[in-house]
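Participant: Structure file my_file-v1.txt, compact mmCIF, C-alpha atoms, is pasted below:
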# COMPACT_ATOMS: atom_id res chain seq x y z
CA MET A 238 6.95 39.95 -9.88
CA LYS A 239 4.01 39.24 -7.60
CA THR A 240 4.63 35.98 -5.77
CA GLN A 241 2.31 34.28 -3.31
CA ILE A 242 3.84 31.85 -0.84
CA LYS A 243 2.21 30.15 2.09
CA ILE A 244 4.81 30.53 4.83
CA ASN A 245 4.26 28.54 8.01
CA GLY A 246 0.57 28.33 7.16
CA LYS A 247 0.06 32.03 6.37
CA LEU A 248 -0.41 33.21 2.79
CA ARG A 249 2.03 36.04 2.04
CA THR A 250 2.32 38.12 -1.10
CA PHE A 251 5.67 39.58 -2.10
CA GLU A 252 7.03 41.62 -4.95
CA VAL A 253 10.24 39.84 -5.99
CA GLU A 254 12.88 40.25 -8.69
CA PRO A 255 13.03 37.39 -11.26
CA ASP A 256 16.56 36.51 -10.12
CA GLU A 257 15.91 36.86 -6.40
CA TYR A 258 16.58 33.80 -4.29
CA LEU A 259 14.18 32.52 -1.66
CA VAL A 260 16.66 32.97 1.21
CA ASP A 261 16.87 36.69 0.41
CA THR A 262 13.10 37.12 0.15
CA LEU A 263 12.54 35.33 3.44
CA ARG A 264 15.21 37.30 5.30
CA LYS A 265 14.00 40.57 3.77
CA HIS A 266 10.61 39.80 5.33
CA HIS A 267 12.09 39.01 8.75
CA TYR A 268 12.29 35.21 8.64
CA TYR A 269 15.74 35.46 10.19
CA SER A 270 15.92 31.80 11.24
CA VAL A 271 16.75 31.12 7.58
CA LYS A 272 20.49 31.71 7.53
CA LYS A 273 22.68 32.75 4.66
CA GLY A 274 25.92 30.80 4.64
CA CYS A 275 27.93 29.62 1.65
CA ASP A 276 25.33 30.88 -0.86
CA THR A 277 26.35 27.99 -3.16
CA SER A 278 24.05 25.25 -1.79
CA SER A 279 26.94 23.47 -0.09
CA CYS A 280 26.37 24.17 3.61
CA GLY A 281 22.63 23.66 4.22
CA VAL A 282 22.12 26.52 6.71
CA CYS A 283 19.55 28.10 4.37
CA THR A 284 17.42 24.92 4.28
CA VAL A 285 13.65 25.38 4.37
CA LEU A 286 10.89 22.92 3.52
CA LEU A 287 9.08 23.42 0.22
CA ASP A 288 5.84 21.44 0.29
CA GLY A 289 7.44 19.37 3.04
CA LYS A 290 10.72 18.65 1.24
CA PRO A 291 14.03 20.21 2.25
CA ILE A 292 15.50 22.61 -0.30
CA ALA A 293 18.48 24.95 -0.32
CA SER A 294 16.75 28.34 -0.37
CA CYS A 295 19.97 30.04 -1.55
CA SER A 296 19.64 28.15 -4.85
CA TYR A 297 15.89 28.34 -5.32
CA LEU A 298 14.37 31.31 -7.10
CA SER A 299 11.61 33.03 -5.13
CA VAL A 300 9.32 33.08 -8.17
CA LYS A 301 9.47 29.30 -8.26
CA ALA A 302 7.91 29.20 -4.79
CA ASN A 303 4.78 30.95 -6.10
CA GLY A 304 1.77 28.85 -5.09
CA HIS A 305 3.80 26.58 -2.82
CA ALA A 306 4.10 26.14 0.94
CA VAL A 307 7.33 27.05 2.71
CA THR A 308 8.13 25.93 6.23
CA THR A 309 10.79 27.53 8.41
CA VAL A 310 11.94 26.25 11.79
CA GLU A 311 9.40 28.42 13.65
CA ALA A 312 6.63 26.11 12.40
CA ILE A 313 8.23 23.01 13.93
CA GLU A 314 9.09 24.64 17.23
CA GLU A 315 8.19 21.65 19.39
CA GLU A 316 10.32 19.19 17.38
CA ALA A 317 13.18 21.68 17.09
CA THR A 318 13.15 22.26 20.85
CA HIS A 319 13.25 18.50 21.47
CA LEU A 320 16.17 18.16 19.04
CA ALA A 321 17.97 21.09 20.68
CA GLU A 322 17.58 19.42 24.09
CA LEU A 323 19.12 16.24 22.68
CA PHE A 324 21.95 18.29 21.16
CA GLY A 325 22.56 19.81 24.58
CA LYS A 326 22.50 16.43 26.28
CA GLU A 327 25.05 15.04 23.82
CA GLY A 328 27.23 18.18 23.77
CA ALA A 329 26.48 18.50 20.07
CA ASP A 330 26.11 22.25 19.84
CA GLN A 331 28.27 25.33 20.00
CA CYS A 332 27.34 28.36 17.90
CA GLY A 333 23.96 27.05 16.73
CA PHE A 334 24.14 28.75 13.34
CA CYS A 335 23.41 25.50 11.47
CA ASN A 336 20.57 24.42 13.79
CA PRO A 337 17.49 25.79 11.96
CA GLY A 338 18.48 24.24 8.61
CA LEU A 339 19.58 21.02 10.25
CA ALA A 340 16.39 20.75 12.34
CA LEU A 341 14.27 21.11 9.21
CA THR A 342 16.27 18.49 7.31
CA VAL A 343 16.10 16.09 10.28
CA HIS A 344 12.34 16.74 10.54
CA ALA A 345 11.93 15.86 6.82
CA MET A 346 14.19 12.83 7.18
CA LYS A 347 12.12 11.47 10.06
CA LYS A 348 9.01 11.66 7.89
CA GLU A 349 10.71 10.22 4.81
CA LEU A 350 12.89 7.37 6.11
CA THR A 351 11.56 4.31 7.82
CA ASP A 352 13.93 2.52 10.17
CA PRO A 353 17.08 4.26 8.88
CA THR A 354 20.57 2.92 9.49
CA ASP A 355 23.49 5.05 10.68
CA GLU A 356 24.63 5.24 7.07
CA ASP A 357 21.16 6.33 5.86
CA ILE A 358 21.20 9.19 8.38
CA ARG A 359 24.72 10.28 7.44
CA GLU A 360 23.87 10.19 3.73
CA TYR A 361 20.66 12.18 4.20
CA LEU A 362 22.43 14.88 6.21
CA VAL A 363 25.55 15.22 4.05
CA GLY A 364 24.31 18.58 2.78
CA ASN A 365 24.03 20.13 6.27
CA LEU A 366 27.44 21.17 7.50
CA CYS A 367 28.39 22.02 11.09
CA ARG A 368 31.76 23.65 11.77
CA CYS A 369 31.59 23.15 15.55
CA SER A 370 30.42 19.70 16.54
CA GLY A 371 32.52 17.29 14.50
CA TYR A 372 29.27 15.41 13.79
CA VAL A 373 29.74 12.44 16.15
CA SER A 374 27.86 13.91 19.09
CA GLN A 375 25.36 15.46 16.69
CA HIS A 376 24.79 12.05 15.12
CA ARG A 377 24.11 10.53 18.55
CA ALA A 378 21.51 13.23 19.26
CA ILE A 379 19.83 12.79 15.89
CA LYS A 380 19.69 9.03 16.33
CA ALA A 381 17.98 9.53 19.67
CA TYR A 382 15.55 11.96 18.01
CA MET A 383 14.85 9.43 15.27
CA GLU A 384 14.44 6.76 17.97
CA VAL A 385 16.92 4.52 16.19
CA ARG A 386 17.69 1.42 18.18
CA GLU A 387 21.31 0.39 18.53
CA SER A 388 22.03 -2.69 16.42
CA MET Q 95 23.11 35.20 -13.44
CA LYS Q 96 20.88 38.20 -14.01
CA ILE Q 97 17.32 37.43 -15.15
CA GLU Q 98 15.38 40.39 -16.56
CA ALA Q 99 11.99 38.78 -17.30
CA TYR Q 100 10.50 35.54 -16.07
CA THR Q 101 7.72 33.49 -17.66
CA VAL Q 102 6.09 30.21 -16.64
CA PRO Q 103 4.31 29.05 -19.81
CA THR Q 104 1.64 26.38 -19.61
CA ASP Q 105 1.73 25.64 -23.33
CA LEU Q 106 4.70 23.95 -24.99
CA GLU Q 107 4.45 25.86 -28.26
CA GLU Q 108 4.30 29.14 -26.33
CA ALA Q 109 7.45 28.13 -24.42
CA TYR Q 110 9.18 27.21 -27.68
CA GLN Q 111 8.28 30.52 -29.35
CA LEU Q 112 9.53 32.48 -26.33
CA LEU Q 113 12.77 30.51 -26.43
CA GLN Q 114 13.47 31.66 -29.98
CA LYS Q 115 13.89 35.25 -28.77
CA GLU Q 116 17.39 36.62 -28.46
CA ASP Q 117 18.92 36.09 -25.01
CA ALA Q 118 16.08 33.78 -23.98
CA GLY Q 119 16.91 30.64 -22.03
CA ILE Q 120 15.28 27.83 -20.14
CA ILE Q 121 15.24 27.62 -16.36
CA ALA Q 122 14.81 24.09 -15.09
CA GLY Q 123 15.36 23.54 -11.35
CA GLY Q 124 17.64 26.57 -11.25
CA ALA Q 125 20.12 24.86 -8.91
CA TRP Q 126 23.23 25.80 -10.88
CA LEU Q 127 22.10 29.20 -12.22
CA LYS Q 128 24.69 30.94 -10.05
CA LEU Q 129 27.44 29.20 -11.98
CA LEU Q 130 26.34 30.89 -15.21
CA PRO Q 131 27.64 34.44 -15.58
CA LYS Q 132 25.42 35.69 -18.41
CA THR Q 133 22.30 37.81 -18.38
CA LEU Q 134 19.07 36.10 -19.36
CA VAL Q 135 16.68 38.63 -20.86
CA HIS Q 136 13.83 36.09 -20.97
CA GLY Q 137 13.91 33.28 -18.43
CA ILE Q 138 11.48 30.50 -19.33
CA ASP Q 139 10.50 28.25 -16.43
CA LEU Q 140 9.27 24.83 -17.56
CA SER Q 141 7.45 24.12 -14.27
CA GLY Q 142 4.03 24.65 -15.87
CA LEU Q 143 4.44 22.01 -18.59
CA LYS Q 144 3.85 18.86 -16.52
CA LEU Q 145 7.29 17.41 -17.27
CA ASP Q 146 7.88 16.21 -13.72
CA THR Q 147 6.88 12.54 -13.80
CA ILE Q 148 8.64 9.21 -14.31
CA ASN Q 149 6.78 6.64 -16.40
CA GLU Q 150 7.79 3.01 -16.51
CA THR Q 151 6.84 0.39 -19.07
CA GLU Q 152 8.24 -3.09 -19.67
CA GLU Q 153 10.68 -1.61 -22.19
CA ASN Q 154 11.60 1.86 -20.90
CA TYR Q 155 11.85 4.44 -18.19
CA THR Q 156 10.66 7.79 -19.49
CA ILE Q 157 11.83 10.58 -17.22
CA GLY Q 158 10.34 14.06 -17.65
CA SER Q 159 12.96 16.78 -17.94
CA MET Q 160 11.68 18.55 -14.80
CA VAL Q 161 12.00 15.43 -12.65
CA THR Q 162 14.31 16.19 -9.74
CA LEU Q 163 17.36 14.12 -8.95
CA ARG Q 164 15.73 13.21 -5.64
CA GLN Q 165 12.69 11.81 -7.49
CA ILE Q 166 15.01 9.51 -9.46
CA GLU Q 167 16.99 8.30 -6.47
CA THR Q 168 13.82 7.54 -4.50
CA HIS Q 169 11.77 6.08 -7.39
CA SER Q 170 10.58 2.61 -6.39
CA SER Q 171 12.05 0.86 -9.44
CA LEU Q 172 14.59 3.26 -10.96
CA ARG Q 173 16.51 3.50 -7.69
CA THR Q 174 17.42 -0.19 -7.93
CA TYR Q 175 17.67 -0.45 -11.70
CA MET Q 176 20.94 -1.95 -12.91
CA GLY Q 177 22.20 -2.46 -9.38
CA GLY Q 178 21.13 1.04 -8.36
CA VAL Q 179 23.73 2.80 -10.52
CA LEU Q 180 21.73 6.03 -10.92
CA GLN Q 181 20.89 6.15 -7.20
CA GLU Q 182 24.57 5.64 -6.42
CA ALA Q 183 25.66 8.44 -8.77
CA ILE Q 184 22.99 10.87 -7.52
CA SER Q 185 23.76 10.13 -3.86
CA HIS Q 186 27.15 11.80 -4.40
CA ILE Q 187 25.61 15.08 -5.56
CA MET Q 188 25.86 17.45 -2.59
CA GLY Q 189 22.91 17.02 -0.21
CA VAL Q 190 19.18 16.21 -0.30
CA PRO Q 191 18.23 19.96 -0.22
CA ILE Q 192 19.93 20.53 -3.58
CA ARG Q 193 18.82 17.20 -5.07
CA ASN Q 194 15.22 18.30 -4.39
CA ILE Q 195 15.88 21.26 -6.69
CA ALA Q 196 18.21 20.06 -9.46
CA THR Q 197 16.49 18.35 -12.39
CA ILE Q 198 17.59 15.76 -14.90
CA GLY Q 199 16.75 18.19 -17.72
CA GLY Q 200 18.96 20.89 -16.25
CA THR Q 201 21.76 18.37 -15.80
CA VAL Q 202 21.56 17.18 -19.40
CA ALA Q 203 21.00 20.55 -21.07
CA GLY Q 204 23.75 22.15 -19.00
CA ARG Q 205 26.22 19.55 -20.32
CA TYR Q 206 28.10 20.09 -17.08
CA GLY Q 207 31.59 18.65 -16.92
CA PHE Q 208 31.23 18.21 -13.16
CA SER Q 209 28.11 16.05 -13.44
CA ASP Q 210 27.91 12.78 -11.51
CA LEU Q 211 24.74 11.74 -13.33
CA LEU Q 212 25.73 12.18 -16.99
CA THR Q 213 28.41 9.49 -16.78
CA PRO Q 214 26.11 6.53 -15.93
CA LEU Q 215 23.36 7.95 -18.19
CA LEU Q 216 25.85 7.81 -21.04
CA ALA Q 217 26.81 4.23 -20.21
CA LEU Q 218 23.08 3.40 -20.10
CA ARG Q 219 22.81 4.78 -23.67
CA ALA Q 220 20.07 7.22 -22.65
CA ASN Q 221 18.06 8.95 -25.37
CA LEU Q 222 16.72 12.50 -25.30
CA VAL Q 223 13.39 13.68 -26.67
CA PHE Q 224 13.24 17.30 -27.83
CA TYR Q 225 10.05 19.14 -28.74
CA LYS Q 226 10.99 19.89 -32.36
CA LYS Q 227 14.07 17.82 -33.06
CA GLY Q 228 12.58 14.57 -31.72
CA GLN Q 229 14.76 11.81 -30.34
CA ILE Q 230 18.56 11.89 -30.29
CA THR Q 231 21.13 10.00 -28.29
CA LEU Q 232 22.66 11.56 -25.18
CA GLU Q 233 26.03 10.59 -26.63
CA SER Q 234 25.54 12.74 -29.75
CA TYR Q 235 24.09 15.62 -27.69
CA LEU Q 236 27.09 15.69 -25.37
CA LYS Q 237 29.49 15.56 -28.31
CA GLU Q 238 27.90 18.57 -29.93
CA ALA Q 239 24.91 20.55 -28.68
CA PRO Q 240 22.38 21.26 -31.44
CA LYS Q 241 22.58 24.79 -32.84
CA GLU Q 242 18.80 25.24 -32.84
CA LYS Q 243 17.14 26.21 -29.57
CA ASP Q 244 14.78 23.46 -28.50
CA ILE Q 245 13.08 22.17 -25.36
CA LEU Q 246 14.17 18.89 -23.79
CA LEU Q 247 11.03 17.00 -22.83
CA GLN Q 248 12.18 13.58 -21.72
CA VAL Q 249 15.12 11.33 -21.03
CA ILE Q 250 14.48 7.74 -22.07
CA ILE Q 251 16.36 4.79 -20.63
CA LYS Q 252 15.79 1.51 -22.39
CA LYS Q 253 15.58 -1.32 -19.89
CA GLU Q 254 18.50 -3.66 -20.17
CA TYR Q 255 19.76 -6.29 -17.81
CA GLY Q 256 23.33 -6.52 -16.68
CA LYS Q 257 25.72 -5.18 -14.11
CA ALA Q 258 26.82 -1.60 -13.59
CA ASN Q 259 29.47 0.21 -11.62
CA TYR Q 260 29.87 3.88 -10.74
CA THR Q 261 32.89 5.35 -9.00
CA THR Q 262 33.60 8.98 -8.26
CA VAL Q 263 36.59 10.61 -6.62
CA LYS Q 264 36.08 13.86 -4.70
CA LYS Q 265 38.11 15.86 -2.23
CA THR Q 266 35.10 16.18 0.08
CA ALA Q 267 31.61 14.68 0.00
CA ASN Q 268 30.00 17.98 -1.05
CA ASP Q 269 32.50 18.87 -3.77
CA PHE Q 270 32.28 18.30 -7.50
CA PRO Q 271 34.15 15.22 -8.72
CA ILE Q 272 37.78 15.12 -9.78
CA LEU Q 273 36.92 12.18 -12.03
CA ASN Q 274 34.12 9.66 -12.32
CA VAL Q 275 33.79 6.39 -14.21
CA SER Q 276 30.87 4.12 -15.00
CA VAL Q 277 31.39 0.63 -16.40
CA MET Q 278 28.51 -1.61 -17.49
CA LYS Q 279 28.28 -5.14 -18.78
CA ILE Q 280 25.16 -5.98 -20.75
CA GLY Q 281 25.23 -9.63 -21.77
CA THR Q 282 28.77 -10.00 -23.08
CA HIS Q 283 29.17 -6.34 -24.01
CA PHE Q 284 30.98 -3.72 -22.01
CA ARG Q 285 30.41 0.01 -21.90
CA VAL Q 286 32.78 2.46 -20.30
CA ALA Q 287 32.02 6.15 -19.67
CA VAL Q 288 34.35 8.69 -18.09
CA GLY Q 289 33.25 12.06 -16.70
CA ALA Q 290 34.60 15.15 -14.92
CA ARG Q 291 37.75 14.96 -17.08
CA PRO Q 292 37.04 17.92 -16.32
CA SER Q 293 35.19 18.18 -19.65
CA VAL Q 294 31.76 16.63 -20.09
CA ALA Q 295 31.41 12.83 -19.88
CA THR Q 296 32.36 10.70 -22.87
CA LEU Q 297 32.20 7.05 -23.87
CA ALA Q 298 35.55 5.26 -24.15
CA THR Q 299 34.66 3.71 -27.50
CA LYS Q 300 38.05 2.14 -28.33
CA THR Q 301 38.22 0.62 -24.86
CA MET Q 302 34.74 -0.81 -25.30
CA ALA Q 303 35.61 -2.24 -28.73
CA TYR Q 304 38.78 -3.83 -27.36
CA LEU Q 305 36.93 -5.41 -24.43
CA ASN Q 306 34.08 -6.63 -26.60
CA GLU Q 307 36.46 -8.23 -29.12
CA SER Q 308 38.56 -9.95 -26.46
CA LYS Q 309 37.85 -13.66 -26.19
CA ALA Q 310 38.83 -13.99 -22.54
CA LEU Q 311 38.86 -11.37 -19.82
CA THR Q 312 42.30 -11.89 -18.32
CA GLU Q 313 44.22 -9.51 -16.03
CA GLU Q 314 46.30 -8.52 -19.05
CA VAL Q 315 43.21 -7.70 -21.10
CA ILE Q 316 41.79 -5.55 -18.30
CA GLU Q 317 45.11 -3.72 -17.89
CA LYS Q 318 45.34 -3.16 -21.64
CA ALA Q 319 41.73 -1.88 -21.72
CA ALA Q 320 42.51 0.68 -18.99
CA ALA Q 321 45.65 1.71 -20.89
CA ILE Q 322 43.56 2.24 -24.05
CA ALA Q 323 41.07 4.32 -22.04
CA VAL Q 324 43.72 6.77 -20.85
CA GLU Q 325 45.14 6.98 -24.38
CA GLU Q 326 41.83 7.73 -26.08
CA ILE Q 327 40.28 10.09 -23.50
CA LYS Q 328 41.42 13.69 -23.27
CA PHE Q 329 42.00 14.93 -19.74
CA GLY Q 330 42.64 18.42 -18.44
CA SER Q 331 43.60 20.28 -15.30
CA ASN Q 332 41.51 22.51 -13.03
CA ALA Q 333 41.46 23.56 -9.37
CA ARG Q 334 40.35 20.07 -8.33
CA GLY Q 335 43.04 18.01 -10.01
CA SER Q 336 45.76 17.95 -12.62
CA LYS Q 337 45.68 16.24 -15.99
CA ALA Q 338 48.35 13.79 -14.78
CA TYR Q 339 46.34 12.93 -11.64
CA ARG Q 340 43.16 12.39 -13.64
CA THR Q 341 45.02 10.15 -16.07
CA GLN Q 342 46.26 7.95 -13.23
CA LEU Q 343 42.84 7.90 -11.56
CA CYS Q 344 41.12 6.91 -14.79
CA LYS Q 345 43.40 3.92 -15.30
CA VAL Q 346 42.69 2.62 -11.79
CA LEU Q 347 38.94 3.29 -11.86
CA VAL Q 348 38.44 1.70 -15.28
CA GLU Q 349 40.33 -1.42 -14.19
CA ARG Q 350 38.31 -1.68 -10.98
CA GLY Q 351 35.05 -1.02 -12.81
CA ILE Q 352 35.67 -3.77 -15.36
CA LYS Q 353 36.56 -6.25 -12.64
CA GLU Q 354 33.46 -5.35 -10.64
CA VAL Q 355 31.01 -5.91 -13.48
CA ALA Q 356 32.83 -8.73 -15.26
CA TYR Q 357 31.56 -11.82 -13.57
CA GLU Q 358 27.84 -11.76 -12.72
CA ASN Q 359 24.51 -10.07 -13.47
CA THR Q 360 22.62 -8.20 -10.78
CA ASN Q 361 19.14 -8.03 -12.34
Turn the structure described in the file into structure tokens.
Facilitator:
Amino acid sequence: MKTQIKINGKLRTFEVEPDEYLVDTLRKHHYYSVKKGCDTSSCGVCTVLLDGKPIASCSYLSVKANGHAVTTVEAIEEEATHLAELFGKEGADQCGFCNPGLALTVHAMKKELTDPTDEDIREYLVGNLCRCSGYVSQHRAIKAYMEVRES
Amino acid sequence: MKIEAYTVPTDLEEAYQLLQKEDAGIIAGGAWLKLLPKTLVHGIDLSGLKLDTINETEENYTIGSMVTLRQIETHSSLRTYMGGVLQEAISHIMGVPIRNIATIGGTVAGRYGFSDLLTPLLALRANLVFYKKGQITLESYLKEAPKEKDILLQVIIKKEYGKANYTTVKKTANDFPILNVSVMKIGTHFRVAVGARPSVATLATKTMAYLNESKALTEEVIEKAAAIAVEEIKFGSNARGSKAYRTQLCKVLVERGIKEVAYENTN
């Protein structure tokens, strides 16, 4: 099926199968920052933004993205770099496999939540798993990125 | 799931006629399609039918079947309705990236045993509006799905005022529940719903009748109500928990739920 998706501001046209998932379409067309992890929407590494909202691209049919805008981490390079620096500062990173999906979810969270608490941040990010960091150092980095003041 | 053909109708009657074909089925958000093993010859996507809004009046919330779970949990009024019971239930469903995909229509029509949302919806006595069949209760739909193929248009929640509780037990935050319970008190009347048994959610009708006929809500009455709940509800075993474990959990969660809602109204 012919599917038109605006990816990182560029309109792309793809021929996709009706049961093809967005993660597969994106990777097939060299958007390799979109990772394939659990493939059951549990881990969050496949997260992209659809019209600005984070979605699990492993559970979203490509045909559904027709006429919509998809954002991958390449489009938020400046914010992602800043977040990566904070991860480094806090020792919150090892393999980096979860970073693109996490950066996009954090980017969406910053736009969506006003003055979030620690609990708000944890709840928002529950769908983005990291097998390396143990989350505590990652949480410190994300709080710094969100400019959350200590209570 | 294998999908052979995919259509996004913009006309309801067209969607309905397509649905009547053999091996045709509706695709809502598509979040749980991978859990369904069958082949869909005709996949009908309801995205073009403008069913993705929440309307609020003084009497009701009318939720379009293509409204995402995230829309419900962030809706200015629905998120706090009845003490925020729907927001609380939805917040336990995996992460935001999946809640931006999964829809209330897909949740209801799937009649998923693992659902966090169906349990409080049942306790809220939600009604369903189908294109041809009209309005039916969620309770009757979950007991027995209609044989005729129809399109779910809306979920209606009548505004009531009382106190509500929702509790779910999971092995990890991202897992499906082992058991969940929702208890509500509207005026002097209690409602108790139990889900993830692991079968689909059900009302504990005998428990509700016992509570509503009791003159005073003593510790003994609450204990007896929980005992009735585990007698009347059928539990089963799966990879997440055994029948015996679920039975014990249910007793504890029903007792706690009744105590939590028993004494004051929240809105």
Participant: Any idea what's packed within 12 Å of Val260 of chain A, counting only C-alpha atoms, ignoring anything in its chain fewer than 2 positions away? Could you give it as a PyMOL selection string?
Facilitator: chain A and resi 253+256-258+262-278+281-286+292-300+302+307+309+338
Participant: Just checking: using all atoms listed in the file, which residue out of Q:Asn259, Q:Gly281, Q:Lys265, Q:Leu305 ends up closest to Gly351 of chain Q?
Facilitator: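 For Gly351 of chain Q, the nearest of the candidates is Q:Asn259.
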Participant: Using only C-alpha atoms, which residues sit within 7 Å of segment 368-374 of chain A once same-chain residues fewer than 6 positions away are excluded, as number ranges by chain?
Facilitator: A: 327-331
Participant: Given only C-alpha atoms as the basis, pick out the residue of A:Thr354, A:Asn303, A:Gln375, A:Asn336 nearest to chain Q.
Facilitator: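 The closest residue to chain Q is A:Asn303.
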Participant: Give as an MDAnalysis selection string every residue of chain Q that touches chain A within 12 Å, counting only C-alpha atoms.
Facilitator: chainID Q and resid 95:102 121:129 133:142 162 164:165 167:168 182 184:196 266:270
Participant: Please produce an output containing C-alpha atoms for each residue in the selection, written as a PDB file, in the coordinates of the input.
Facilitator:
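Listing of part-v9.pdb after writing:
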ATOM      1  CA  MET Q  95      23.110  35.200 -13.440  1.00  0.00           C
ATOM      2  CA  LYS Q  96      20.880  38.200 -14.010  1.00  0.00           C
ATOM      3  CA  ILE Q  97      17.320  37.430 -15.150  1.00  0.00           C
ATOM      4  CA  GLU Q  98      15.380  40.390 -16.560  1.00  0.00           C
ATOM      5  CA  ALA Q  99      11.990  38.780 -17.300  1.00  0.00           C
ATOM      6  CA  TYR Q 100      10.500  35.540 -16.070  1.00  0.00           C
ATOM      7  CA  THR Q 101       7.720  33.490 -17.660  1.00  0.00           C
ATOM      8  CA  VAL Q 102       6.090  30.210 -16.640  1.00  0.00           C
ATOM      9  CA  ILE Q 121      15.240  27.620 -16.360  1.00  0.00           C
ATOM     10  CA  ALA Q 122      14.810  24.090 -15.090  1.00  0.00           C
ATOM     11  CA  GLY Q 123      15.360  23.540 -11.350  1.00  0.00           C
ATOM     12  CA  GLY Q 124      17.640  26.570 -11.250  1.00  0.00           C
ATOM     13  CA  ALA Q 125      20.120  24.860  -8.910  1.00  0.00           C
ATOM     14  CA  TRP Q 126      23.230  25.800 -10.880  1.00  0.00           C
ATOM     15  CA  LEU Q 127      22.100  29.200 -12.220  1.00  0.00           C
ATOM     16  CA  LYS Q 128      24.690  30.940 -10.050  1.00  0.00           C
ATOM     17  CA  LEU Q 129      27.440  29.200 -11.980  1.00  0.00           C
ATOM     18  CA  THR Q 133      22.300  37.810 -18.380  1.00  0.00           C
ATOM     19  CA  LEU Q 134      19.070  36.100 -19.360  1.00  0.00           C
ATOM     20  CA  VAL Q 135      16.680  38.630 -20.860  1.00  0.00           C
ATOM     21  CA  HIS Q 136      13.830  36.090 -20.970  1.00  0.00           C
ATOM     22  CA  GLY Q 137      13.910  33.280 -18.430  1.00  0.00           C
ATOM     23  CA  ILE Q 138      11.480  30.500 -19.330  1.00  0.00           C
ATOM     24  CA  ASP Q 139      10.500  28.250 -16.430  1.00  0.00           C
ATOM     25  CA  LEU Q 140       9.270  24.830 -17.560  1.00  0.00           C
ATOM     26  CA  SER Q 141       7.450  24.120 -14.270  1.00  0.00           C
ATOM     27  CA  GLY Q 142       4.030  24.650 -15.870  1.00  0.00           C
ATOM     28  CA  THR Q 162      14.310  16.190  -9.740  1.00  0.00           C
ATOM     29  CA  ARG Q 164      15.730  13.210  -5.640  1.00  0.00           C
ATOM     30  CA  GLN Q 165      12.690  11.810  -7.490  1.00  0.00           C
ATOM     31  CA  GLU Q 167      16.990   8.300  -6.470  1.00  0.00           C
ATOM     32  CA  THR Q 168      13.820   7.540  -4.500  1.00  0.00           C
ATOM     33  CA  GLU Q 182      24.570   5.640  -6.420  1.00  0.00           C
ATOM     34  CA  ILE Q 184      22.990  10.870  -7.520  1.00  0.00           C
ATOM     35  CA  SER Q 185      23.760  10.130  -3.860  1.00  0.00           C
ATOM     36  CA  HIS Q 186      27.150  11.800  -4.400  1.00  0.00           C
ATOM     37  CA  ILE Q 187      25.610  15.080  -5.560  1.00  0.00           C
ATOM     38  CA  MET Q 188      25.860  17.450  -2.590  1.00  0.00           C
ATOM     39  CA  GLY Q 189      22.910  17.020  -0.210  1.00  0.00           C
ATOM     40  CA  VAL Q 190      19.180  16.210  -0.300  1.00  0.00           C
ATOM     41  CA  PRO Q 191      18.230  19.960  -0.220  1.00  0.00           C
ATOM     42  CA  ILE Q 192      19.930  20.530  -3.580  1.00  0.00           C
ATOM     43  CA  ARG Q 193      18.820  17.200  -5.070  1.00  0.00           C
ATOM     44  CA  ASN Q 194      15.220  18.300  -4.390  1.00  0.00           C
ATOM     45  CA  ILE Q 195      15.880  21.260  -6.690  1.00  0.00           C
ATOM     46  CA  ALA Q 196      18.210  20.060  -9.460  1.00  0.00           C
ATOM     47  CA  THR Q 266      35.100  16.180   0.080  1.00  0.00           C
ATOM     48  CA  ALA Q 267      31.610  14.680   0.000  1.00  0.00           C
ATOM     49  CA  ASN Q 268      30.000  17.980  -1.050  1.00  0.00           C
ATOM     50  CA  ASP Q 269      32.500  18.870  -3.770  1.00  0.00           C
ATOM     51  CA  PHE Q 270      32.280  18.300  -7.500  1.00  0.00           C
TER      52      PHE Q 270
END
